[in-house]
file target_4.cif (mmCIF, C-alpha atoms)
data_target
loop_
_atom_site.label_atom_id
_atom_site.label_comp_id
_atom_site.auth_asym_id
_atom_site.auth_seq_id
_atom_site.Cartn_x
_atom_site.Cartn_y
_atom_site.Cartn_z
CA MET Q 627 13.29 -32.22 5.47
CA LYS Q 628 11.24 -30.16 3.07
CA ARG Q 629 8.41 -27.68 3.49
CA SER Q 630 6.14 -25.50 1.39
CA PHE Q 631 7.87 -22.38 0.07
CA GLY Q 632 5.22 -19.90 1.15
CA ALA Q 633 1.48 -20.45 1.39
CA ALA Q 634 1.03 -22.00 -2.05
CA GLY Q 635 4.57 -22.68 -3.19
CA PRO Q 636 6.33 -25.93 -4.08
CA THR Q 637 7.98 -28.17 -1.51
CA VAL Q 638 11.60 -27.10 -1.04
CA SER Q 639 14.50 -28.25 1.13
CA VAL Q 640 14.70 -26.34 4.41
CA ILE Q 641 18.47 -26.06 3.95
CA GLY Q 642 19.64 -24.77 0.60
CA GLN Q 643 22.85 -23.62 -1.02
CA GLY Q 644 23.99 -20.01 -1.18
CA SER Q 645 26.51 -18.77 -3.72
CA TRP Q 646 27.78 -15.35 -2.61
CA TYR Q 647 31.53 -15.24 -3.40
CA SER Q 648 31.43 -18.79 -4.77
CA GLU Q 649 32.97 -17.57 -8.01
CA GLN Q 650 36.07 -16.36 -6.15
CA GLY Q 651 37.24 -19.79 -5.03
CA ASP Q 652 38.25 -22.88 -6.93
CA ARG Q 653 35.66 -23.20 -9.67
CA ARG Q 654 35.79 -26.97 -10.05
CA GLU Q 655 35.60 -27.47 -6.30
CA ALA Q 656 32.55 -25.19 -6.07
CA ILE Q 657 30.77 -27.00 -8.91
CA THR Q 658 31.45 -30.35 -7.26
CA ALA Q 659 30.08 -28.98 -3.98
CA PHE Q 660 26.84 -27.76 -5.57
CA ARG Q 661 26.33 -31.13 -7.23
CA ARG Q 662 26.99 -32.95 -3.98
CA GLY Q 663 24.41 -30.73 -2.35
CA LEU Q 664 21.84 -31.83 -4.91
CA ASP Q 665 22.76 -35.44 -4.22
CA LEU Q 666 21.97 -34.80 -0.55
CA GLY Q 667 18.65 -33.12 -1.27
CA LEU Q 668 19.71 -29.47 -0.94
CA ASP Q 669 17.62 -28.46 -3.93
CA HIS Q 670 17.24 -24.72 -3.17
CA ILE Q 671 20.10 -22.88 -4.91
CA ASP Q 672 20.33 -19.11 -4.55
CA THR Q 673 22.31 -16.60 -6.59
CA ALA Q 674 22.08 -13.04 -7.93
CA GLU Q 675 23.21 -10.98 -10.88
CA MET Q 676 25.32 -8.95 -8.42
CA TYR Q 677 27.46 -11.91 -7.37
CA GLY Q 678 30.60 -11.60 -9.41
CA ASP Q 679 28.76 -9.66 -12.12
CA GLY Q 680 27.05 -12.83 -13.25
CA ARG Q 681 29.99 -15.18 -12.73
CA SER Q 682 28.23 -16.90 -9.84
CA GLU Q 683 25.20 -17.50 -12.03
CA ALA Q 684 27.44 -18.92 -14.76
CA LEU Q 685 29.11 -21.26 -12.27
CA ILE Q 686 25.73 -22.51 -11.06
CA GLY Q 687 24.56 -22.91 -14.64
CA GLU Q 688 27.42 -25.31 -15.19
CA ALA Q 689 26.85 -27.09 -11.88
CA ILE Q 690 23.17 -27.84 -12.57
CA GLU Q 691 23.54 -28.72 -16.24
CA GLY Q 692 21.55 -31.88 -16.86
CA ARG Q 693 19.90 -31.59 -13.42
CA ARG Q 694 17.78 -28.47 -13.81
CA ASP Q 695 14.55 -30.24 -12.86
CA GLU Q 696 16.05 -31.15 -9.46
CA VAL Q 697 16.63 -27.52 -8.53
CA PHE Q 698 14.54 -24.75 -6.99
CA LEU Q 699 16.52 -21.93 -8.59
CA VAL Q 700 16.48 -18.37 -7.26
CA SER Q 701 18.20 -15.25 -8.54
CA LYS Q 702 17.93 -11.54 -7.81
CA VAL Q 703 17.77 -8.30 -9.78
CA LEU Q 704 19.76 -5.27 -8.66
CA PRO Q 705 17.68 -2.26 -7.57
CA HIS Q 706 19.07 0.04 -10.28
CA ASN Q 707 17.98 -2.52 -12.90
CA ALA Q 708 14.48 -2.88 -11.46
CA SER Q 709 12.52 -0.70 -13.89
CA ARG Q 710 9.93 -2.42 -16.09
CA GLN Q 711 12.34 -2.80 -18.98
CA GLY Q 712 15.38 -3.22 -16.76
CA VAL Q 713 13.88 -6.22 -14.96
CA ARG Q 714 13.24 -7.97 -18.25
CA ALA Q 715 16.77 -7.36 -19.52
CA ALA Q 716 18.30 -8.47 -16.23
CA CYS Q 717 16.20 -11.62 -16.15
CA GLU Q 718 17.22 -12.53 -19.70
CA ARG Q 719 20.89 -12.12 -18.75
CA SER Q 720 20.45 -14.30 -15.68
CA LEU Q 721 18.67 -17.00 -17.63
CA LYS Q 722 21.51 -17.01 -20.16
CA HIS Q 723 24.16 -17.24 -17.46
CA LEU Q 724 22.26 -20.04 -15.71
CA ARG Q 725 21.64 -21.95 -18.95
CA THR Q 726 17.95 -22.30 -18.22
CA ASP Q 727 14.61 -21.10 -19.54
CA ARG Q 728 13.10 -20.25 -16.15
CA LEU Q 729 13.70 -19.19 -12.58
CA ASP Q 730 11.67 -20.76 -9.81
CA CYS Q 731 11.75 -17.48 -7.89
CA TYR Q 732 13.06 -14.02 -8.83
CA LEU Q 733 13.76 -11.42 -6.14
CA LEU Q 734 14.29 -7.68 -5.92
CA HIS Q 735 17.65 -7.62 -4.13
CA TRP Q 736 16.81 -4.55 -2.03
CA ARG Q 737 14.76 -1.39 -2.44
CA GLY Q 738 16.06 1.14 -4.91
CA PRO Q 739 15.03 4.11 -7.07
CA HIS Q 740 12.29 2.49 -9.13
CA PRO Q 741 8.66 2.31 -7.97
CA LEU Q 742 7.73 -1.07 -6.54
CA ALA Q 743 4.65 -1.13 -8.76
CA ASP Q 744 6.85 -1.02 -11.88
CA THR Q 745 9.16 -3.75 -10.63
CA PHE Q 746 6.29 -6.01 -9.65
CA ALA Q 747 4.47 -5.40 -12.95
CA ALA Q 748 7.60 -6.60 -14.73
CA PHE Q 749 7.75 -9.65 -12.47
CA GLU Q 750 4.13 -10.45 -13.24
CA ALA Q 751 4.74 -10.17 -16.98
CA LEU Q 752 7.72 -12.54 -16.75
CA LYS Q 753 5.60 -14.92 -14.70
CA GLN Q 754 2.86 -14.95 -17.33
CA GLU Q 755 5.48 -15.82 -19.92
CA GLY Q 756 6.82 -18.69 -17.79
CA LYS Q 757 10.28 -17.15 -17.43
CA ILE Q 758 9.81 -16.95 -13.68
CA LEU Q 759 7.46 -19.15 -11.67
CA SER Q 760 7.21 -16.88 -8.62
CA TRP Q 761 8.74 -13.67 -7.31
CA GLY Q 762 9.60 -11.97 -4.07
CA VAL Q 763 11.80 -9.45 -2.32
CA SER Q 764 14.97 -9.30 -0.26
CA ASN Q 765 16.02 -7.09 2.65
CA PHE Q 766 12.47 -5.80 3.19
CA ASP Q 767 11.43 -4.66 6.65
CA GLU Q 768 7.85 -4.68 7.92
CA ASP Q 769 7.02 -1.25 6.48
CA ASP Q 770 8.55 -2.20 3.12
CA LEU Q 771 6.46 -5.36 3.08
CA ASP Q 772 3.29 -3.35 3.75
CA GLU Q 773 4.14 -1.14 0.77
CA ALA Q 774 4.89 -4.20 -1.35
CA VAL Q 775 1.50 -5.76 -0.67
CA ALA Q 776 -0.21 -2.44 -1.38
CA ALA Q 777 1.60 -2.26 -4.72
CA ALA Q 778 1.24 -5.91 -5.76
CA GLY Q 779 -1.90 -7.17 -4.06
CA LYS Q 780 -2.28 -10.00 -1.62
CA GLY Q 781 -0.92 -13.47 -2.26
CA ARG Q 782 1.70 -12.53 -4.87
CA ILE Q 783 4.89 -12.20 -2.81
CA ALA Q 784 6.48 -15.64 -2.44
CA CYS Q 785 9.54 -14.83 -0.37
CA ASN Q 786 11.47 -12.29 1.67
CA GLN Q 787 15.19 -13.08 1.85
CA VAL Q 788 16.82 -11.46 4.88
CA LEU Q 789 19.90 -11.52 7.09
CA TYR Q 790 19.43 -13.99 9.95
CA HIS Q 791 21.98 -15.72 12.15
CA LEU Q 792 22.45 -16.43 15.84
CA ARG Q 793 23.99 -13.04 16.54
CA GLU Q 794 21.53 -11.14 14.35
CA ARG Q 795 17.93 -12.01 15.18
CA ALA Q 796 16.24 -8.70 14.36
CA ILE Q 797 13.78 -10.28 11.94
CA GLU Q 798 12.15 -12.17 14.80
CA HIS Q 799 10.57 -8.94 16.07
CA ALA Q 800 8.35 -8.05 13.12
CA VAL Q 801 9.51 -9.50 9.80
CA ILE Q 802 8.96 -13.19 10.56
CA PRO Q 803 5.53 -12.60 12.13
CA TRP Q 804 4.50 -10.44 9.14
CA CYS Q 805 5.61 -13.09 6.67
CA GLU Q 806 3.82 -15.84 8.58
CA ARG Q 807 0.58 -13.84 8.62
CA HIS Q 808 0.80 -13.33 4.87
CA GLY Q 809 2.03 -16.77 3.82
CA VAL Q 810 5.43 -15.51 2.68
CA ALA Q 811 8.51 -17.72 2.94
CA VAL Q 812 11.47 -16.33 4.90
CA THR Q 813 14.91 -17.20 3.54
CA ALA Q 814 17.85 -16.61 5.88
CA TYR Q 815 21.01 -15.52 4.14
CA SER Q 816 24.43 -15.65 5.85
CA PRO Q 817 23.03 -18.00 8.54
CA PHE Q 818 26.52 -18.43 10.03
CA GLY Q 819 27.15 -14.70 10.09
CA HIS Q 820 29.64 -13.01 7.83
CA ASP Q 821 32.85 -14.53 9.23
CA ASP Q 822 31.19 -14.18 12.63
CA PHE Q 823 30.40 -17.72 13.77
CA PRO Q 824 31.07 -18.20 17.53
CA ALA Q 825 34.56 -19.49 18.25
CA SER Q 826 34.65 -22.93 19.85
CA GLY Q 827 36.31 -21.61 22.99
CA SER Q 828 33.86 -18.77 23.57
CA ALA Q 829 30.93 -19.01 25.98
CA GLN Q 830 28.46 -19.05 23.06
CA GLY Q 831 30.57 -21.59 21.18
CA LYS Q 832 30.59 -23.90 24.21
CA VAL Q 833 26.78 -23.86 24.37
CA LEU Q 834 26.57 -24.90 20.73
CA ALA Q 835 29.26 -27.56 21.21
CA GLU Q 836 27.51 -29.10 24.21
CA ILE Q 837 24.18 -29.31 22.40
CA ALA Q 838 25.90 -30.68 19.32
CA THR Q 839 27.68 -33.38 21.30
CA ALA Q 840 24.41 -34.45 22.92
CA HIS Q 841 22.86 -34.95 19.48
CA GLY Q 842 25.88 -36.37 17.68
CA ALA Q 843 25.89 -33.26 15.52
CA THR Q 844 28.13 -30.26 14.83
CA PRO Q 845 27.77 -26.67 16.12
CA ARG Q 846 26.87 -25.39 12.66
CA GLN Q 847 24.18 -28.03 12.31
CA VAL Q 848 22.78 -26.90 15.66
CA ALA Q 849 22.76 -23.28 14.45
CA LEU Q 850 20.90 -24.20 11.25
CA ALA Q 851 18.37 -26.31 13.15
CA PHE Q 852 17.69 -23.40 15.51
CA LEU Q 853 17.32 -20.83 12.73
CA THR Q 854 14.89 -23.02 10.77
CA ARG Q 855 12.85 -24.13 13.78
CA ARG Q 856 9.79 -22.24 12.52
CA SER Q 857 7.87 -23.63 9.55
CA SER Q 858 8.17 -20.42 7.54
CA ILE Q 859 11.97 -20.32 7.45
CA PHE Q 860 14.59 -21.63 5.02
CA ALA Q 861 18.36 -21.11 5.17
CA ILE Q 862 20.90 -20.84 2.37
CA PRO Q 863 24.42 -21.24 3.81
CA LYS Q 864 27.24 -20.88 1.34
CA ALA Q 865 29.33 -24.01 0.95
CA GLY Q 866 32.24 -23.93 -1.42
CA ARG Q 867 33.54 -27.35 -0.40
CA VAL Q 868 31.97 -30.78 -0.34
CA SER Q 869 32.75 -31.19 3.36
CA HIS Q 870 30.83 -28.00 4.15
CA VAL Q 871 27.84 -29.10 2.08
CA GLU Q 872 27.76 -32.46 3.81
CA ASP Q 873 27.88 -30.75 7.20
CA ASN Q 874 25.04 -28.40 6.24
CA ALA Q 875 22.93 -31.29 4.97
CA GLY Q 876 23.25 -33.01 8.34
CA ALA Q 877 21.07 -30.27 9.85
CA LEU Q 878 18.11 -31.65 7.92
CA HIS Q 879 18.03 -34.62 10.30
CA LEU Q 880 18.52 -32.71 13.54
CA ALA Q 881 15.54 -31.97 15.79
CA LEU Q 882 16.31 -29.76 18.77
CA ALA Q 883 14.50 -30.24 22.07
CA GLU Q 884 12.70 -27.33 23.71
CA ALA Q 885 15.46 -27.22 26.32
CA ASP Q 886 18.07 -26.89 23.57
CA ILE Q 887 16.16 -24.02 21.98
CA ALA Q 888 15.86 -22.29 25.34
CA ARG Q 889 19.62 -22.57 25.95
CA ILE Q 890 20.43 -21.13 22.53
CA ASP Q 891 17.88 -18.38 23.00
CA ALA Q 892 19.53 -17.40 26.28
CA ALA Q 893 23.06 -17.58 24.86
CA PHE Q 894 22.17 -15.49 21.80
CA PRO Q 895 19.59 -12.92 22.98
CA ARG Q 896 17.77 -11.23 20.13
CA GLY Q 897 17.90 -7.79 21.73
CA ARG Q 898 15.62 -4.87 20.98
CA LYS Q 899 14.02 -4.17 17.64
CA PRO Q 900 16.41 -1.98 15.63
CA HIS Q 901 15.36 1.23 13.87
CA SER Q 902 16.19 -0.28 10.48
CA LEU Q 903 16.54 -3.81 9.19
CA PRO Q 904 20.15 -5.08 9.28
CA MET Q 905 21.57 -6.25 5.96
CA ILE Q 906 24.90 -6.94 4.33
#
call {"tool": "encode", "arguments": {"input": "target_4.cif", "output": "structure tokens"}}
result
Amino acid sequence: MKRSFGAAGPTVSVIGQGSWYSEQGDRREAITAFRRGLDLGLDHIDTAEMYGDGRSEALIGEAIEGRRDEVFLVSKVLPHNASRQGVRAACERSLKHLRTDRLDCYLLHWRGPHPLADTFAAFEALKQEGKILSWGVSNFDEDDLDEAVAAAGKGRIACNQVLYHLRERAIEHAVIPWCERHGVAVTAYSPFGHDDFPASGSAQGKVLAEIATAHGATPRQVALAFLTRRSSIFAIPKAGRVSHVEDNAGALHLALAEADIARIDAAFPRGRKPHSLPMI
């Protein structure tokens, strides 16, 4: 299953491939997993200059060699590098690591010391040169997004990448509605939580298992299907092994019933809107 990445973006797989910490495992196994993901249609690959100081980007560059045109490739610039000149230098490094001449989307990893107007001006310059095809932000709350639109103008922000999993649903309060009003794609990072997926024997785990059994699916596929149930949302679970990639890809073919969604909603209540946007 694919959908438009934002109001006017290309069609991209709802389930993608994250790469945080991918450089710390078996390199050959990780490369094989990324390639298997492409075989299964998981064309959205996400990375960042922060991940392993560029080693994750280098790993992905090797994984997609010869298959660049199959990939919707995203990377992120660190906040302290997000000055006008710093963005350009960081982008050039990322392109070199990734062995490509362009990024499909380039994100500000989180807010930092440099004015948003300077960062976005650098993004626009790179876009005019064809080095990036779109740009966006990450870890931006509703107020941050308002400032971003004021600095950049309407219709320029392609994506907001944010923390979203069953036990952390804060973005449902304001961030998702804001992005949907403005035609901005929402990308969920760490969709299984950070080593926090419900244990099979827990009450929450049993709900997922029962729904999974009814659909001939797995609990993680159920979680991904729930998180991407709205047309604005994409998810980028990390998968360092082929078996994990294949399991993630199975969520593309899973459609939850309204009763399933209601059960999950009750088992994983979103709670009150927090004072600040959660992130890791």
call {"tool": "closest_residue", "arguments": {"input": "target_4.cif", "among": "Q:His740, Q:His879, Q:Arg867, Q:Lys780", "to": "Q:Asp652", "atoms": "all atoms listed in the file"}}
result
Q:Arg867
call {"tool": "resolve_selection", "arguments": {"input": "target_4.cif", "expression": "the PyMOL selection byres ((chain Q and resi 733) around 9)", "output": "list of chain:residue names"}}
result
Q:Ala674, Q:Val700, Q:Ser701, Q:Lys702, Q:Val703, Q:Leu704, Q:Cys731, Q:Tyr732, Q:Leu734, Q:His735, Q:Trp736, Q:Phe749, Q:Ser760, Q:Trp761, Q:Gly762, Q:Val763, Q:Ser764, Q:Cys785, Q:Asn786, Q:Gln787
call {"tool": "residues_around", "arguments": {"input": "target_4.cif", "residues": "Q:Gln711", "least_positions_apart": "3", "cutoff": "10 Å", "atoms": "all atoms listed in the file", "output": "ChimeraX atom specification"}}
result
/Q:707-708,714-716,744-745,748
call {"tool": "closest_residue", "arguments": {"input": "target_4.cif", "among": "Q:Arg856, Q:Val848, Q:Val871, Q:Arg889", "to": "Q:Ala656", "atoms": "all atoms listed in the file"}}
result
Q:Val871
call {"tool": "resolve_selection", "arguments": {"input": "target_4.cif", "expression": "the PyMOL selection byres ((chain Q and resi 724) around 10)", "output": "ChimeraX atom specification"}}
result
/Q:673,680-691,694,699,701,718-723,725-729
call {"tool": "closest_residue", "arguments": {"input": "target_4.cif", "among": "Q:Gln650, Q:Asn765, Q:Ser639, Q:Thr658", "to": "Q:Pro904", "atoms": "all atoms listed in the file"}}
result
Q:Asn765
call {"tool": "resolve_selection", "arguments": {"input": "target_4.cif", "expression": "the PyMOL selection byres ((chain Q and resi 844) around 12)", "output": "JSON, numbers by chain"}}
result
{"Q": [826, 831, 832, 833, 834, 835, 836, 837, 838, 839, 840, 841, 842, 843, 845, 846, 847, 848, 849, 850, 851, 870, 872, 873, 874, 875, 876, 877, 879, 880]}
call {"tool": "write_last_selection", "arguments": {"input": "target_4.cif", "atoms": "C-alpha atoms", "output": "compact mmCIF listing (two decimals), in the coordinates of the input"}}
result
# COMPACT_ATOMS: atom_id res chain seq x y z
CA SER Q 826 34.65 -22.93 19.85
CA GLY Q 831 30.57 -21.59 21.18
CA LYS Q 832 30.59 -23.90 24.21
CA VAL Q 833 26.78 -23.86 24.37
CA LEU Q 834 26.57 -24.90 20.73
CA ALA Q 835 29.26 -27.56 21.21
CA GLU Q 836 27.51 -29.10 24.21
CA ILE Q 837 24.18 -29.31 22.40
CA ALA Q 838 25.90 -30.68 19.32
CA THR Q 839 27.68 -33.38 21.30
CA ALA Q 840 24.41 -34.45 22.92
CA HIS Q 841 22.86 -34.95 19.48
CA GLY Q 842 25.88 -36.37 17.68
CA ALA Q 843 25.89 -33.26 15.52
CA PRO Q 845 27.77 -26.67 16.12
CA ARG Q 846 26.87 -25.39 12.66
CA GLN Q 847 24.18 -28.03 12.31
CA VAL Q 848 22.78 -26.90 15.66
CA ALA Q 849 22.76 -23.28 14.45
CA LEU Q 850 20.90 -24.20 11.25
CA ALA Q 851 18.37 -26.31 13.15
CA HIS Q 870 30.83 -28.00 4.15
CA GLU Q 872 27.76 -32.46 3.81
CA ASP Q 873 27.88 -30.75 7.20
CA ASN Q 874 25.04 -28.40 6.24
CA ALA Q 875 22.93 -31.29 4.97
CA GLY Q 876 23.25 -33.01 8.34
CA ALA Q 877 21.07 -30.27 9.85
CA HIS Q 879 18.03 -34.62 10.30
CA LEU Q 880 18.52 -32.71 13.54
call {"tool": "decode", "arguments": {"input": "target_4.cif", "residues": "stretch 732-843 of chain Q", "atoms": "C-alpha atoms", "output": "mmCIF file, in the first residue's frame"}}
result
data_model
loop_
_atom_site.group_PDB
_atom_site.id
_atom_site.type_symbol
_atom_site.label_atom_id
_atom_site.label_comp_id
_atom_site.auth_asym_id
_atom_site.auth_seq_id
_atom_site.Cartn_x
_atom_site.Cartn_y
_atom_site.Cartn_z
ATOM 1 C CA TYR Q 732 15.794 16.472 3.854
ATOM 2 C CA LEU Q 733 14.734 17.184 7.434
ATOM 3 C CA LEU Q 734 15.811 19.419 10.300
ATOM 4 C CA HIS Q 735 16.295 16.788 13.010
ATOM 5 C CA TRP Q 736 14.956 18.996 15.804
ATOM 6 C CA ARG Q 737 14.933 22.690 16.657
ATOM 7 C CA GLY Q 738 18.256 24.216 17.569
ATOM 8 C CA PRO Q 739 20.146 27.521 17.811
ATOM 9 C CA HIS Q 740 19.820 28.706 14.220
ATOM 10 C CA PRO Q 741 16.831 30.710 12.965
ATOM 11 C CA LEU Q 742 14.321 28.601 11.082
ATOM 12 C CA ALA Q 743 14.330 31.155 8.263
ATOM 13 C CA ASP Q 744 18.052 30.526 7.661
ATOM 14 C CA THR Q 745 17.661 26.750 7.701
ATOM 15 C CA PHE Q 746 14.698 26.836 5.347
ATOM 16 C CA ALA Q 747 16.441 29.278 2.991
ATOM 17 C CA ALA Q 748 19.292 26.781 2.736
ATOM 18 C CA PHE Q 749 16.815 23.980 2.060
ATOM 19 C CA GLU Q 750 15.191 26.015 -0.692
ATOM 20 C CA ALA Q 751 18.557 26.721 -2.310
ATOM 21 C CA LEU Q 752 19.433 23.009 -2.277
ATOM 22 C CA LYS Q 753 16.020 22.241 -3.740
ATOM 23 C CA GLN Q 754 16.554 24.684 -6.593
ATOM 24 C CA GLU Q 755 19.843 22.959 -7.345
ATOM 25 C CA GLY Q 756 18.181 19.521 -7.373
ATOM 26 C CA LYS Q 757 20.218 18.215 -4.444
ATOM 27 C CA ILE Q 758 17.052 17.749 -2.427
ATOM 28 C CA LEU Q 759 13.592 17.279 -3.902
ATOM 29 C CA SER Q 760 11.626 18.301 -0.805
ATOM 30 C CA TRP Q 761 12.268 19.229 2.805
ATOM 31 C CA GLY Q 762 10.635 19.064 6.188
ATOM 32 C CA VAL Q 763 11.127 18.950 9.932
ATOM 33 C CA SER Q 764 11.311 16.443 12.758
ATOM 34 C CA ASN Q 765 10.166 16.595 16.377
ATOM 35 C CA PHE Q 766 8.087 19.737 15.781
ATOM 36 C CA ASP Q 767 5.068 20.386 17.977
ATOM 37 C CA GLU Q 768 2.060 22.451 16.909
ATOM 38 C CA ASP Q 769 3.612 25.774 17.962
ATOM 39 C CA ASP Q 770 6.870 24.896 16.193
ATOM 40 C CA LEU Q 771 4.926 24.077 13.043
ATOM 41 C CA ASP Q 772 3.140 27.437 13.188
ATOM 42 C CA GLU Q 773 6.528 29.159 13.381
ATOM 43 C CA ALA Q 774 7.839 27.015 10.539
ATOM 44 C CA VAL Q 775 5.007 28.011 8.219
ATOM 45 C CA ALA Q 776 5.457 31.660 9.166
ATOM 46 C CA ALA Q 777 9.151 31.394 8.290
ATOM 47 C CA ALA Q 778 8.834 29.321 5.115
ATOM 48 C CA GLY Q 779 5.422 30.107 3.692
ATOM 49 C CA LYS Q 780 2.554 27.764 3.004
ATOM 50 C CA GLY Q 781 2.939 24.570 1.027
ATOM 51 C CA ARG Q 782 6.698 24.129 1.464
ATOM 52 C CA ILE Q 783 6.947 21.733 4.422
ATOM 53 C CA ALA Q 784 6.664 18.159 3.144
ATOM 54 C CA CYS Q 785 6.947 16.186 6.360
ATOM 55 C CA ASN Q 786 7.067 16.194 10.137
ATOM 56 C CA GLN Q 787 8.806 13.117 11.554
ATOM 57 C CA VAL Q 788 7.742 12.440 15.141
ATOM 58 C CA LEU Q 789 7.703 9.803 17.872
ATOM 59 C CA TYR Q 790 4.562 7.678 17.621
ATOM 60 C CA HIS Q 791 3.805 4.227 18.980
ATOM 61 C CA LEU Q 792 0.982 2.511 20.821
ATOM 62 C CA ARG Q 793 2.153 3.709 24.218
ATOM 63 C CA GLU Q 794 2.994 7.222 23.028
ATOM 64 C CA ARG Q 795 0.103 8.798 21.142
ATOM 65 C CA ALA Q 796 0.648 12.457 22.041
ATOM 66 C CA ILE Q 797 0.774 13.577 18.410
ATOM 67 C CA GLU Q 798 -2.876 12.626 17.970
ATOM 68 C CA HIS Q 799 -3.937 15.648 20.042
ATOM 69 C CA ALA Q 800 -2.620 18.470 17.865
ATOM 70 C CA VAL Q 801 0.275 17.487 15.608
ATOM 71 C CA ILE Q 802 -1.574 15.073 13.323
ATOM 72 C CA PRO Q 803 -4.585 17.383 12.905
ATOM 73 C CA TRP Q 804 -2.250 20.318 12.142
ATOM 74 C CA CYS Q 805 -0.356 18.312 9.535
ATOM 75 C CA GLU Q 806 -3.561 17.101 7.915
ATOM 76 C CA ARG Q 807 -4.900 20.660 7.666
ATOM 77 C CA HIS Q 808 -1.688 21.792 5.990
ATOM 78 C CA GLY Q 809 -1.058 18.798 3.728
ATOM 79 C CA VAL Q 810 2.074 17.703 5.598
ATOM 80 C CA ALA Q 811 3.025 14.029 5.806
ATOM 81 C CA VAL Q 812 3.491 12.560 9.286
ATOM 82 C CA THR Q 813 6.262 9.989 9.643
ATOM 83 C CA ALA Q 814 6.211 7.875 12.806
ATOM 84 C CA TYR Q 815 9.639 6.965 14.111
ATOM 85 C CA SER Q 816 10.164 4.181 16.677
ATOM 86 C CA PRO Q 817 6.662 2.797 15.956
ATOM 87 C CA PHE Q 818 7.320 -0.195 18.229
ATOM 88 C CA GLY Q 819 8.581 2.002 21.041
ATOM 89 C CA HIS Q 820 12.191 2.088 22.117
ATOM 90 C CA ASP Q 821 12.494 -1.463 23.489
ATOM 91 C CA ASP Q 822 8.975 -0.938 24.820
ATOM 92 C CA PHE Q 823 6.726 -3.187 22.731
ATOM 93 C CA PRO Q 824 4.018 -4.887 24.866
ATOM 94 C CA ALA Q 825 5.066 -8.297 26.141
ATOM 95 C CA SER Q 826 2.979 -11.178 24.814
ATOM 96 C CA GLY Q 827 1.766 -12.110 28.277
ATOM 97 C CA SER Q 828 0.663 -8.617 29.276
ATOM 98 C CA ALA Q 829 -2.939 -7.422 29.030
ATOM 99 C CA GLN Q 830 -2.026 -5.101 26.133
ATOM 100 C CA GLY Q 831 -0.013 -7.836 24.435
ATOM 101 C CA LYS Q 832 -2.974 -10.220 24.624
ATOM 102 C CA VAL Q 833 -5.222 -7.696 22.860
ATOM 103 C CA LEU Q 834 -2.736 -7.391 20.014
ATOM 104 C CA ALA Q 835 -2.289 -11.173 19.855
ATOM 105 C CA GLU Q 836 -6.027 -11.832 19.670
ATOM 106 C CA ILE Q 837 -6.519 -9.328 16.863
ATOM 107 C CA ALA Q 838 -3.477 -10.682 15.070
ATOM 108 C CA THR Q 839 -4.736 -14.256 15.280
ATOM 109 C CA ALA Q 840 -8.109 -13.230 13.869
ATOM 110 C CA HIS Q 841 -6.397 -11.705 10.835
ATOM 111 C CA GLY Q 842 -3.646 -14.283 10.369
ATOM 112 C CA ALA Q 843 -1.145 -11.564 11.210
#
